[in-house]
file work36.csv (CSV, C-alpha atoms and all ligand atoms)
chain,number,residue,atom,x,y,z
T,1163,MET,CA,31.0,-25.2,24.8
T,1164,PRO,CA,28.0,-23.5,23.1
T,1165,ASN,CA,27.5,-19.8,23.6
T,1166,PRO,CA,25.2,-18.9,26.5
T,1167,ILE,CA,21.6,-18.0,25.6
T,1168,ARG,CA,21.0,-14.3,25.6
T,1169,ILE,CA,18.1,-12.0,24.9
T,1170,LEU,CA,18.7,-9.9,21.8
T,1171,SER,CA,18.8,-6.2,22.0
T,1172,ASP,CA,15.7,-4.3,20.6
T,1173,HIS,CA,17.9,-2.8,18.0
T,1174,LEU,CA,19.0,-6.2,16.7
T,1175,ILE,CA,15.5,-7.6,16.9
T,1176,ASN,CA,14.3,-4.7,14.8
T,1177,GLN,CA,17.1,-5.3,12.3
T,1178,ILE,CA,16.1,-8.9,12.0
T,1179,ALA,CA,12.5,-8.0,11.6
T,1180,ALA,CA,13.5,-5.5,8.9
T,1181,GLY,CA,14.5,-8.5,6.8
T,1182,GLU,CA,10.8,-9.4,6.5
T,1183,VAL,CA,9.4,-6.0,6.0
T,1184,VAL,CA,12.1,-4.0,4.2
T,1185,GLU,CA,13.4,-5.7,1.1
T,1186,ARG,CA,14.2,-2.6,-0.8
T,1187,PRO,CA,13.3,1.1,-1.0
T,1188,ALA,CA,10.0,0.3,-2.6
T,1189,SER,CA,8.9,-1.6,0.5
T,1190,VAL,CA,9.7,1.4,2.6
T,1191,VAL,CA,7.6,3.6,0.3
T,1192,LYS,CA,4.7,1.1,0.6
T,1193,GLU,CA,4.8,1.0,4.4
T,1194,LEU,CA,5.0,4.8,4.6
T,1195,ILE,CA,2.2,5.4,2.1
T,1196,GLU,CA,0.0,2.9,3.9
T,1197,ASN,CA,0.6,4.7,7.2
T,1198,SER,CA,-0.4,8.0,5.5
T,1199,LEU,CA,-3.6,6.4,4.1
T,1200,ASP,CA,-4.4,4.9,7.5
T,1201,ALA,CA,-4.1,8.5,8.9
T,1202,ASP,CA,-6.8,9.7,6.5
T,1203,CYS,CA,-4.7,11.9,4.4
T,1204,ALA,CA,-6.1,13.7,1.3
T,1205,ARG,CA,-2.8,14.2,-0.4
T,1206,LEU,CA,0.6,12.5,-0.5
T,1207,GLU,CA,3.9,13.7,-1.8
T,1208,ILE,CA,6.6,11.1,-2.4
T,1209,ASP,CA,10.0,12.5,-3.0
T,1210,VAL,CA,12.8,10.0,-4.0
T,1211,GLU,CA,16.5,10.5,-4.6
T,1212,ARG,CA,18.7,8.1,-6.4
T,1213,GLY,CA,16.2,5.2,-6.5
T,1214,GLY,CA,15.3,5.8,-2.9
T,1215,ILE,CA,18.6,4.4,-1.7
T,1216,LYS,CA,20.1,7.8,-0.9
T,1217,ARG,CA,16.9,9.4,0.4
T,1218,LEU,CA,13.2,9.1,0.3
T,1219,ARG,CA,10.4,11.1,1.9
T,1220,VAL,CA,6.7,10.6,2.2
T,1221,ARG,CA,4.7,13.6,3.3
T,1222,ASP,CA,1.0,13.6,4.1
T,1223,ASP,CA,-1.7,15.9,5.4
T,1224,GLY,CA,-3.2,13.3,7.6
T,1225,ARG,CA,-4.1,13.2,11.3
T,1226,GLY,CA,-0.5,13.7,12.5
T,1227,ILE,CA,1.1,12.3,15.6
T,1228,PRO,CA,1.1,14.3,18.9
T,1229,ARG,CA,4.4,15.1,20.4
T,1230,ASP,CA,4.1,12.6,23.3
T,1231,GLN,CA,3.5,9.7,20.9
T,1232,LEU,CA,6.3,10.3,18.5
T,1233,ALA,CA,8.7,8.0,20.4
T,1234,LEU,CA,6.0,5.3,20.6
T,1235,ALA,CA,5.4,5.4,16.9
T,1236,LEU,CA,9.0,4.2,16.5
T,1237,ALA,CA,8.7,1.6,19.2
T,1238,ARG,CA,8.4,-2.1,18.4
T,1239,HIS,CA,4.9,-3.6,18.4
T,1240,ALA,CA,3.4,-0.2,19.1
T,1241,THR,CA,0.3,0.7,17.1
T,1242,SER,CA,-2.8,2.8,17.3
T,1243,LYS,CA,-4.7,0.4,15.1
T,1244,LEU,CA,-5.4,-2.6,17.3
T,1245,VAL,CA,-6.3,-3.1,20.9
T,1246,ASP,CA,-7.3,-6.7,21.1
T,1247,LEU,CA,-7.8,-9.9,19.1
T,1248,ALA,CA,-11.3,-8.9,18.1
T,1249,ASP,CA,-9.8,-5.9,16.4
T,1250,LEU,CA,-7.4,-8.1,14.5
T,1251,GLU,CA,-10.2,-10.2,13.2
T,1252,ALA,CA,-12.0,-7.1,11.9
T,1253,VAL,CA,-9.0,-5.0,10.9
T,1254,GLN,CA,-9.9,-2.1,8.5
T,1255,THR,CA,-6.5,-0.4,8.4
T,1256,LEU,CA,-3.7,-1.3,6.1
T,1257,GLY,CA,-1.3,-1.6,9.0
T,1258,PHE,CA,-1.7,-3.2,12.4
T,1259,ARG,CA,1.5,-4.9,13.3
T,1260,GLY,CA,3.4,-1.9,14.7
T,1261,GLU,CA,6.5,-3.1,13.0
T,1262,ALA,CA,7.2,-0.9,10.0
T,1263,LEU,CA,8.6,2.3,11.5
T,1264,PRO,CA,11.0,0.5,14.0
T,1265,SER,CA,12.1,-1.9,11.3
T,1266,ILE,CA,12.8,0.8,8.8
T,1267,ALA,CA,14.5,2.9,11.4
T,1268,ALA,CA,16.8,0.0,12.3
T,1269,VAL,CA,18.3,-0.1,8.8
T,1270,SER,CA,18.4,3.5,7.8
T,1271,ARG,CA,18.6,7.1,9.1
T,1272,LEU,CA,15.0,8.0,9.8
T,1273,THR,CA,13.5,11.3,10.8
T,1274,LEU,CA,9.8,11.6,11.7
T,1275,THR,CA,8.2,15.0,11.7
T,1276,SER,CA,4.6,15.6,12.5
T,1277,ARG,CA,2.0,18.0,13.6
T,1278,ALA,CA,-1.2,16.7,14.9
T,1279,ARG,CA,-4.3,18.2,13.4
T,1280,SER,CA,-5.4,20.9,15.7
T,1281,ASP,CA,-9.0,19.6,15.8
T,1282,LEU,CA,-7.6,16.4,17.3
T,1283,ASP,CA,-5.1,17.8,19.7
T,1284,ALA,CA,-5.9,21.4,20.6
T,1285,ALA,CA,-3.3,21.5,23.3
T,1286,ASP,CA,-0.4,21.1,20.9
T,1287,ASP,CA,-0.7,22.6,17.5
T,1288,SER,CA,3.0,22.9,16.7
T,1289,ALA,CA,5.2,20.5,14.8
T,1290,TRP,CA,7.8,18.1,16.3
T,1291,GLU,CA,10.6,16.1,15.0
T,1292,ILE,CA,12.3,12.9,16.2
T,1293,ALA,CA,15.2,11.1,14.7
T,1294,VAL,CA,16.8,7.7,15.3
T,1295,THR,CA,20.5,7.6,15.7
T,1296,PRO,CA,22.6,4.9,13.9
T,1297,ASP,CA,22.8,2.8,17.2
T,1298,GLY,CA,19.1,2.8,17.6
T,1299,ARG,CA,18.6,5.6,20.2
T,1300,LEU,CA,16.0,8.4,19.8
T,1301,ASP,CA,17.0,11.9,19.3
T,1302,GLY,CA,14.2,14.4,20.1
T,1303,PRO,CA,11.5,15.4,19.9
T,1304,ARG,CA,12.5,18.9,19.1
T,1305,PRO,CA,10.4,21.7,17.6
T,1306,ALA,CA,10.2,21.7,13.8
T,1307,ALA,CA,8.3,23.4,11.0
T,1308,HIS,CA,5.6,21.3,9.4
T,1309,PRO,CA,1.9,21.9,8.4
T,1310,PRO,CA,-0.6,19.5,9.9
T,1311,GLY,CA,0.3,16.0,8.9
T,1312,THR,CA,3.4,13.8,8.9
T,1313,SER,CA,6.7,13.5,7.0
T,1314,VAL,CA,8.9,10.5,7.2
T,1315,GLU,CA,12.4,10.8,5.8
T,1316,VAL,CA,14.6,7.8,5.3
T,1317,ARG,CA,18.2,8.2,4.3
T,1318,ASP,CA,21.0,5.8,3.4
T,1319,LEU,CA,18.9,2.6,3.5
T,1320,PHE,CA,20.8,-0.4,4.6
T,1321,PHE,CA,23.9,1.7,5.5
T,1322,ASN,CA,24.4,-0.6,8.5
T,1323,THR,CA,23.4,-3.9,6.9
T,1324,PRO,CA,25.9,-4.3,4.0
T,1325,ALA,CA,24.7,-7.8,3.2
T,1326,ARG,CA,21.2,-6.4,2.3
T,1327,ARG,CA,22.7,-3.4,0.6
T,1328,LYS,CA,24.4,-5.8,-1.9
T,1329,PHE,CA,21.0,-7.1,-3.1
T,1330,LEU,CA,19.9,-3.6,-4.2
T,1331,ARG,CA,19.8,-3.2,-8.0
T,1332,THR,CA,20.5,-0.1,-10.0
T,1333,GLU,CA,19.0,3.2,-8.9
T,1334,GLN,CA,16.8,3.1,-12.0
T,1335,THR,CA,15.5,-0.4,-11.2
T,1336,GLU,CA,14.9,0.5,-7.6
T,1337,PHE,CA,12.9,3.5,-8.7
T,1338,GLU,CA,10.8,1.4,-11.1
T,1339,HIS,CA,9.8,-0.7,-8.1
T,1340,ILE,CA,8.8,2.4,-6.2
T,1341,ASP,CA,6.9,3.6,-9.2
T,1342,GLN,CA,5.0,0.3,-9.2
T,1343,VAL,CA,4.1,0.6,-5.5
T,1344,VAL,CA,2.8,4.1,-6.0
T,1345,ARG,CA,0.8,3.0,-9.0
T,1346,ARG,CA,-0.8,0.2,-7.1
T,1347,LEU,CA,-1.8,2.3,-4.2
T,1348,ALA,CA,-2.9,5.2,-6.4
T,1349,LEU,CA,-5.2,2.9,-8.4
T,1350,ALA,CA,-6.9,1.8,-5.1
T,1351,ARG,CA,-7.3,5.3,-3.7
T,1352,PRO,CA,-8.4,7.8,-6.4
T,1353,ASP,CA,-9.8,9.9,-3.6
T,1354,VAL,CA,-6.3,10.8,-2.6
T,1355,ALA,CA,-4.0,13.1,-4.6
T,1356,PHE,CA,-0.5,11.6,-5.3
T,1357,GLU,CA,2.6,13.3,-6.4
T,1358,LEU,CA,5.8,11.4,-7.1
T,1359,ARG,CA,9.2,12.9,-7.8
T,1360,HIS,CA,12.5,11.3,-8.6
T,1361,ASN,CA,15.7,13.3,-8.4
T,1362,GLY,CA,13.6,16.5,-8.5
T,1363,ARG,CA,11.7,15.4,-11.6
T,1364,LEU,CA,7.9,15.2,-11.4
T,1365,VAL,CA,6.9,11.6,-12.4
T,1366,HIS,CA,3.2,11.5,-11.4
T,1367,GLN,CA,0.8,14.2,-10.5
T,1368,LEU,CA,-2.5,12.7,-9.9
T,1369,PRO,CA,-5.3,14.9,-8.6
T,1370,ALA,CA,-7.9,13.4,-6.3
T,1371,THR,CA,-11.1,12.4,-8.1
T,1372,ASP,CA,-13.9,14.8,-7.6
T,1373,GLY,CA,-17.0,12.6,-7.9
T,1374,ARG,CA,-17.5,13.4,-11.6
T,1375,PRO,CA,-17.8,10.0,-13.4
T,1376,GLY,CA,-15.0,10.8,-15.8
T,1377,SER,CA,-12.4,11.6,-13.1
T,1378,ARG,CA,-12.2,8.0,-11.9
T,1379,ARG,CA,-11.6,6.9,-15.5
T,1380,ALA,CA,-9.0,9.7,-15.9
T,1381,ARG,CA,-6.9,8.2,-13.1
T,1382,LEU,CA,-7.1,4.7,-14.7
T,1383,ASP,CA,-5.9,6.1,-18.0
T,1384,ARG,CA,-3.1,8.0,-16.4
T,1385,LEU,CA,-1.8,4.9,-14.6
T,1386,LEU,CA,-2.5,2.2,-17.2
T,1387,GLY,CA,-2.3,4.1,-20.4
T,1388,ALA,CA,-4.7,6.2,-22.4
T,1389,GLY,CA,-7.7,4.1,-23.5
T,1390,PHE,CA,-7.7,1.7,-20.6
T,1391,ALA,CA,-11.1,2.8,-19.4
T,1392,GLU,CA,-12.5,3.0,-22.9
T,1393,GLN,CA,-11.3,-0.6,-23.6
T,1394,SER,CA,-12.7,-2.0,-20.4
T,1395,LEU,CA,-16.0,-3.2,-19.1
T,1396,GLU,CA,-17.0,-1.8,-15.8
T,1397,ILE,CA,-18.3,-4.3,-13.3
T,1398,ASP,CA,-20.1,-4.0,-10.0
T,1399,VAL,CA,-21.8,-7.2,-8.6
T,1400,SER,CA,-22.9,-8.1,-5.2
T,1401,ALA,CA,-24.0,-11.4,-3.8
T,1402,LEU,CA,-24.5,-12.2,-0.1
T,1403,ASP,CA,-21.6,-10.6,1.7
T,1404,LEU,CA,-19.4,-10.2,-1.3
T,1405,ARG,CA,-19.0,-7.3,-3.7
T,1406,LEU,CA,-16.8,-7.3,-6.8
T,1407,HIS,CA,-16.3,-4.0,-8.6
T,1408,GLY,CA,-13.8,-2.4,-11.0
T,1409,TRP,CA,-12.8,-2.8,-14.6
T,1410,VAL,CA,-11.8,-5.7,-16.9
T,1411,ARG,CA,-10.2,-5.1,-20.2
T,1412,ARG,CA,-12.3,-6.5,-23.0
T,1413,PRO,CA,-10.7,-9.7,-24.2
T,1414,ALA,CA,-9.9,-8.1,-27.6
T,1415,PHE,CA,-7.6,-5.8,-25.6
T,1416,ALA,CA,-5.9,-8.6,-23.6
T,1417,ARG,CA,-2.2,-8.3,-23.1
T,1418,SER,CA,0.8,-10.3,-24.2
T,1419,GLN,CA,2.2,-9.8,-20.6
T,1420,PRO,CA,0.4,-10.2,-17.3
T,1421,ASP,CA,1.3,-6.6,-16.5
T,1422,GLN,CA,-2.1,-5.2,-15.8
T,1423,GLN,CA,-3.5,-7.4,-13.1
T,1424,PHE,CA,-4.5,-5.6,-10.0
T,1425,PHE,CA,-6.7,-7.3,-7.5
T,1426,TYR,CA,-7.5,-5.7,-4.2
T,1427,VAL,CA,-9.2,-7.3,-1.2
T,1428,ASN,CA,-10.7,-4.7,1.1
T,1429,GLY,CA,-8.4,-2.1,-0.4
T,1430,ARG,CA,-5.2,-4.2,-0.1
T,1431,LEU,CA,-3.4,-5.4,-3.2
T,1432,ILE,CA,-2.9,-9.1,-3.0
T,1433,ARG,CA,-1.5,-12.0,-5.0
T,1434,ASP,CA,-3.5,-15.1,-4.7
T,1435,ARG,CA,-3.5,-18.3,-6.8
T,1436,LEU,CA,-7.2,-19.0,-6.1
T,1437,ILE,CA,-8.2,-15.6,-7.4
T,1438,THR,CA,-5.9,-15.7,-10.4
T,1439,HIS,CA,-7.4,-19.1,-11.2
T,1440,ALA,CA,-11.0,-17.8,-10.9
T,1441,ILE,CA,-10.3,-14.9,-13.2
T,1442,ARG,CA,-8.5,-17.2,-15.7
T,1443,GLN,CA,-11.5,-19.5,-15.8
T,1444,ALA,CA,-13.9,-16.6,-16.3
T,1445,PHE,CA,-11.8,-15.5,-19.3
T,1446,SER,CA,-11.3,-19.0,-20.7
T,1447,ASP,CA,-14.1,-18.9,-23.2
T,1448,PHE,CA,-13.2,-15.5,-24.4
T,1449,LEU,CA,-9.4,-15.4,-24.5
T,1450,HIS,CA,-6.7,-17.2,-26.3
T,1451,GLN,CA,-4.4,-19.2,-23.8
T,1452,ALA,CA,-1.4,-17.1,-24.6
T,1453,ARG,CA,-3.0,-13.8,-23.9
T,1454,HIS,CA,-3.3,-12.3,-20.4
T,1455,PRO,CA,-6.4,-10.5,-19.1
T,1456,GLY,CA,-6.0,-7.0,-17.8
T,1457,TYR,CA,-8.0,-5.8,-14.8
T,1458,VAL,CA,-8.3,-3.6,-11.8
T,1459,LEU,CA,-10.7,-5.3,-9.5
T,1460,PHE,CA,-11.8,-4.8,-5.9
T,1461,LEU,CA,-13.3,-7.5,-3.8
T,1462,GLU,CA,-15.0,-6.2,-0.6
T,1463,LEU,CA,-16.1,-8.6,2.1
T,1464,PRO,CA,-16.7,-8.4,5.8
T,1465,PRO,CA,-13.2,-8.4,7.5
T,1466,HIS,CA,-13.9,-11.5,9.6
T,1467,LEU,CA,-14.2,-13.6,6.4
T,1468,VAL,CA,-10.6,-12.9,5.4
T,1469,ASP,CA,-7.4,-13.2,7.3
T,1470,VAL,CA,-4.8,-10.6,6.3
T,1471,ASN,CA,-2.3,-11.6,9.0
T,1472,VAL,CA,-0.6,-14.3,7.0
T,1473,HIS,CA,2.7,-12.6,6.3
T,1474,PRO,CA,4.4,-9.4,7.4
T,1475,SER,CA,4.3,-8.0,3.9
T,1476,LYS,CA,0.5,-8.7,3.8
T,1477,HIS,CA,0.5,-9.6,0.1
T,1478,GLU,CA,-1.3,-12.8,1.0
T,1479,VAL,CA,-4.7,-13.4,2.5
T,1480,ARG,CA,-6.7,-16.4,3.5
T,1481,PHE,CA,-10.4,-16.6,2.9
T,1482,ARG,CA,-12.6,-18.4,5.3
T,1483,GLU,CA,-14.9,-19.5,2.4
T,1484,SER,CA,-12.4,-19.8,-0.4
T,1485,ARG,CA,-14.6,-21.9,-2.7
T,1486,GLN,CA,-17.4,-19.4,-2.4
T,1487,VAL,CA,-15.1,-16.5,-3.1
T,1488,HIS,CA,-13.6,-18.3,-6.1
T,1489,ASP,CA,-17.0,-19.2,-7.6
T,1490,PHE,CA,-18.4,-15.7,-7.0
T,1491,ILE,CA,-15.6,-14.1,-8.9
T,1492,ARG,CA,-15.7,-16.6,-11.7
T,1493,HIS,CA,-19.4,-16.3,-12.2
T,1494,ALA,CA,-19.5,-12.5,-11.9
T,1495,LEU,CA,-16.8,-11.9,-14.4
T,1496,LYS,CA,-18.0,-14.5,-16.8
T,1497,ARG,CA,-21.4,-13.1,-16.9
T,1498,ARG,CA,-20.0,-9.6,-17.4
T,1499,LEU,CA,-17.7,-10.7,-20.2
T,1500,ALA,CA,-20.5,-12.5,-22.0
T,1501,GLN,CA,-22.8,-9.5,-21.7
T,1502,GLY,CA,-20.1,-7.1,-22.7
T,1503,ILE,CA,-19.2,-9.0,-25.8
T,1504,LEU,CA,-22.5,-10.4,-27.0
T,1505,GLY,CA,-24.7,-7.5,-26.2
T,1506,GLY,CA,-24.7,-4.1,-24.7
T,1507,GLY,CA,-22.0,-1.5,-24.4
T,1508,PRO,CA,-19.6,-0.7,-21.6
T,1509,LEU,CA,-22.2,0.9,-19.5
T,1510,ASP,CA,-24.8,-1.8,-18.9
T,1511,ARG,CA,-24.6,-3.7,-15.7
T,1512,PRO,CA,-25.1,-7.4,-15.0
K,1,LIG,P1,1.3,0.1,12.1
K,1,LIG,O1,1.0,0.9,10.8
K,1,LIG,O2,1.2,-1.4,11.9
K,1,LIG,O3,0.4,0.6,13.3
K,1,LIG,P2,3.9,1.4,12.0
K,1,LIG,O4,5.2,1.1,12.6
K,1,LIG,O5,3.8,1.5,10.5
K,1,LIG,O6,2.8,0.4,12.6
K,1,LIG,O7,3.4,2.8,12.6
K,1,LIG,C1,3.2,2.9,14.1
K,1,LIG,C2,2.2,3.9,14.5
K,1,LIG,O8,2.7,5.2,14.2
K,1,LIG,C3,0.9,3.8,13.8
K,1,LIG,O9,0.0,2.9,14.4
K,1,LIG,C4,0.3,5.2,13.8
K,1,LIG,O10,-0.3,5.5,15.0
K,1,LIG,C5,1.6,6.1,13.8
K,1,LIG,N1,1.9,6.6,12.4
K,1,LIG,C6,2.8,6.1,11.5
K,1,LIG,N2,2.8,6.9,10.4
K,1,LIG,C7,1.8,7.8,10.5
K,1,LIG,C8,1.3,8.9,9.7
K,1,LIG,N3,1.8,9.1,8.5
K,1,LIG,N4,0.4,9.7,10.2
K,1,LIG,C9,-0.1,9.5,11.5
K,1,LIG,N5,0.3,8.5,12.3
K,1,LIG,C10,1.3,7.7,11.9
K,2,MG,MG,2.3,0.9,9.2

call {"tool": "encode", "arguments": {"input": "work36.csv", "output": "structure tokens", "more": "lines below"}}
Ligand code: ADP
Ligand code: MG
result
Amino acid sequence: MPNPIRILSDHLINQIAAGEVVERPASVVKELIENSLDADCARLEIDVERGGIKRLRVRDDGRGIPRDQLALALARHATSKLVDLADLEAVQTLGFRGEALPSIAAVSRLTLTSRARSDLDAADDSAWEIAVTPDGRLDGPRPAAHPPGTSVEVRDLFFNTPARRKFLRTEQTEFEHIDQVVRRLALARPDVAFELRHNGRLVHQLPATDGRPGSRRARLDRLLGAGFAEQSLEIDVSALDLRLHGWVRRPAFARSQPDQQFFYVNGRLIRDRLITHAIRQAFSDFLHQARHPGYVLFLELPPHLVDVNVHPSKHEVRFRESRQVHDFIRHALKRRLAQGILGGGPLDRP
């Protein structure tokens, strides 16, 4: 006789969903930082112990979560970022699925501490903390000490899912993945200050850019090595609804590894074969086959022209007019490269 059909418990559903969202400590850091950015923070502190396996904490000075919504923030499919399908088609935030916090909480010991900015919730300007017990129940909210903003602390990742725990690599490797995640997000958001610590050691301290032209370049150099900005061509091209801006390394400074390829669509880092292909083609006349272009590029387009809801990790997107996007990128880059090499210095624009 087969087993009877049963409805899974929420806790088990969350643990299964965690398989898609939470691959390793770095995926937790990504989700938490994205939440902080969605909450309009100006600064972020990321504190990691032992590769994030033992403990990690992301702290922001964003909008905060009022006391009566703390439990909801941890509930499945609960989000403040979407109301209806039209919102999904025009999504501006990094998150929208309402899955990250409950998924992370189902495979770790999670504590959420928050104080809503008093301009948003004048009735409640104290801080509150809520924790999730190992069997998935909520503990709190109880009063806590916290400046306006939110901290999420995640301890003992995968303590209750040993099969996943086995896939973790060394603490150093896990930390390197976290470092990558922080770099990618810090490249996209120079207006936000980032601080990253590992085992108490300060790894990055990136002040927010202040509008001076040099400060944007300073962040690039901090994250990609001194000289990156100097060795790159700045680009900013618009056509119809599309805008491509950012930096491409001059072909003479191409890399032996594809380790400096950052492409963002509406602020979200993505991997996309179509885009890689367009860039490759733009470089084809200027670059030896065995070398890899370096770039930090941002494509902006109206949200309804791109579907970001392809996979829970949101690394993939689908363009409505993929041919148009491909050709726009290829032409824009090709022209900029030709100009940068044959004439003009780094400052002239196409
Ligand atoms: P999503 O980001 O897809 O909405 P999450 O599970 O990541 O789902 O977060 C659930 C909700 O909790 C968010 O919609 C948001 O309202 C709130 N939240 C999470 N993190 C923060 C934060 N750092 N600051 C303010 N609100 C937050
Ligand atoms: Mg989120």

call {"tool": "atom_distance", "arguments": {"input": "work36.csv", "atom1": "atom CA of T:Leu1263", "atom2": "atom CA of T:Arg1359"}}
result
22.0 Å

call {"tool": "residues_near_point", "arguments": {"input": "work36.csv", "point": "(-7.0, -11.8, 2.9)", "cutoff": "7 Å", "atoms": "only C-alpha atoms", "output": "PDB file with C-alpha atoms, keeping the file's coordinate frame"}}
result
ATOM      1  CA  VAL T1427      -9.200  -7.300  -1.200  1.00  0.00           C
ATOM      2  CA  VAL T1468     -10.600 -12.900   5.400  1.00  0.00           C
ATOM      3  CA  ASP T1469      -7.400 -13.200   7.300  1.00  0.00           C
ATOM      4  CA  VAL T1470      -4.800 -10.600   6.300  1.00  0.00           C
ATOM      5  CA  GLU T1478      -1.300 -12.800   1.000  1.00  0.00           C
ATOM      6  CA  VAL T1479      -4.700 -13.400   2.500  1.00  0.00           C
ATOM      7  CA  ARG T1480      -6.700 -16.400   3.500  1.00  0.00           C
ATOM      8  CA  PHE T1481     -10.400 -16.600   2.900  1.00  0.00           C
TER       9      PHE T1481
END

call {"tool": "residues_around", "arguments": {"input": "work36.csv", "residues": "T:Leu1436", "least_positions_apart": "3", "cutoff": "7 Å", "atoms": "all atoms listed in the file", "output": "number ranges by chain"}}
result
T: 1439-1440, 1488

call {"tool": "atom_distance", "arguments": {"input": "work36.csv", "atom1": "atom CA of T:Asp1353", "atom2": "atom CA of T:Thr1371"}}
result
5.3 Å

call {"tool": "atom_distance", "arguments": {"input": "work36.csv", "atom1": "atom CA of T:Ser1400", "atom2": "atom CA of T:Ala1204"}}
result
28.3 Å

call {"tool": "residues_near_ligand", "arguments": {"input": "work36.csv", "ligand": "ligand MG 2 (chain K)", "cutoff": "9 Å", "atoms": "all atoms listed in the file", "output": "VMD selection string"}}
result
chain T and resid 1192 to 1198 1200 1241 1255 to 1263

call {"tool": "residues_around", "arguments": {"input": "work36.csv", "residues": "stretch 1309-1315 of chain T", "least_positions_apart": "5", "cutoff": "8 Å", "atoms": "only C-alpha atoms", "output": "compact mmCIF listing (two decimals) with C-alpha atoms, keeping the file's coordinate frame"}}
result
# COMPACT_ATOMS: atom_id res chain seq x y z
CA LEU T 1194 5.00 4.80 4.60
CA SER T 1198 -0.40 8.00 5.50
CA CYS T 1203 -4.70 11.90 4.40
CA ARG T 1217 16.90 9.40 0.40
CA LEU T 1218 13.20 9.10 0.30
CA ARG T 1219 10.40 11.10 1.90
CA VAL T 1220 6.70 10.60 2.20
CA ARG T 1221 4.70 13.60 3.30
CA ASP T 1222 1.00 13.60 4.10
CA ASP T 1223 -1.70 15.90 5.40
CA GLY T 1224 -3.20 13.30 7.60
CA ARG T 1225 -4.10 13.20 11.30
CA GLY T 1226 -0.50 13.70 12.50
CA ILE T 1227 1.10 12.30 15.60
CA ARG T 1271 18.60 7.10 9.10
CA LEU T 1272 15.00 8.00 9.80
CA THR T 1273 13.50 11.30 10.80
CA LEU T 1274 9.80 11.60 11.70
CA THR T 1275 8.20 15.00 11.70
CA SER T 1276 4.60 15.60 12.50
CA ARG T 1277 2.00 18.00 13.60
CA ALA T 1278 -1.20 16.70 14.90
CA ARG T 1279 -4.30 18.20 13.40
CA SER T 1280 -5.40 20.90 15.70
CA ALA T 1289 5.20 20.50 14.80

call {"tool": "closest_residue", "arguments": {"input": "work36.csv", "among": "T:Arg1351, T:Arg1326, T:Arg1379, T:Arg1229", "to": "ligand LIG 1 (chain K)", "atoms": "only C-alpha atoms and all ligand atoms"}}
result
T:Arg1229

call {"tool": "residues_around", "arguments": {"input": "work36.csv", "residues": "T:Ala1494", "least_positions_apart": "2", "cutoff": "10 Å", "atoms": "all atoms listed in the file", "output": "list in words"}}
result
Ile1397, Asp1398, Val1399, Ser1400, Ala1401, Arg1405, Leu1406, His1407, Ile1441, Ala1444, Asp1489, Phe1490, Ile1491, Arg1492, Lys1496, Arg1497, Arg1498, Leu1499 and Pro1512 of chain T

call {"tool": "residues_near_point", "arguments": {"input": "work36.csv", "point": "(20.5, 4.0, -4.4)", "cutoff": "8 Å", "atoms": "only C-alpha atoms", "output": "PyMOL selection string"}}
result
chain T and resi 1211-1216+1330+1332-1333+1336

call {"tool": "closest_residue", "arguments": {"input": "work36.csv", "among": "T:Glu1357, T:Glu1185, T:Asp1230, T:Glu1483", "to": "ligand LIG 1 (chain K)", "atoms": "all atoms listed in the file"}}
result
T:Asp1230

call {"tool": "closest_residue", "arguments": {"input": "work36.csv", "among": "T:Arg1299, T:Arg1317, T:Arg1345, T:Lys1476", "to": "ligand LIG 1 (chain K)", "atoms": "only C-alpha atoms and all ligand atoms"}}
result
T:Lys1476

call {"tool": "closest_residue", "arguments": {"input": "work36.csv", "among": "T:Val1344, T:Ala1307, T:Leu1174, T:Ala1388", "to": "T:Val1190", "atoms": "all atoms listed in the file"}}
result
T:Val1344

call {"tool": "closest_residue", "arguments": {"input": "work36.csv", "among": "T:Met1163, T:Ala1350, T:Ile1340, T:Val1183", "to": "ligand LIG 1 (chain K)", "atoms": "only C-alpha atoms and all ligand atoms"}}
result
T:Val1183
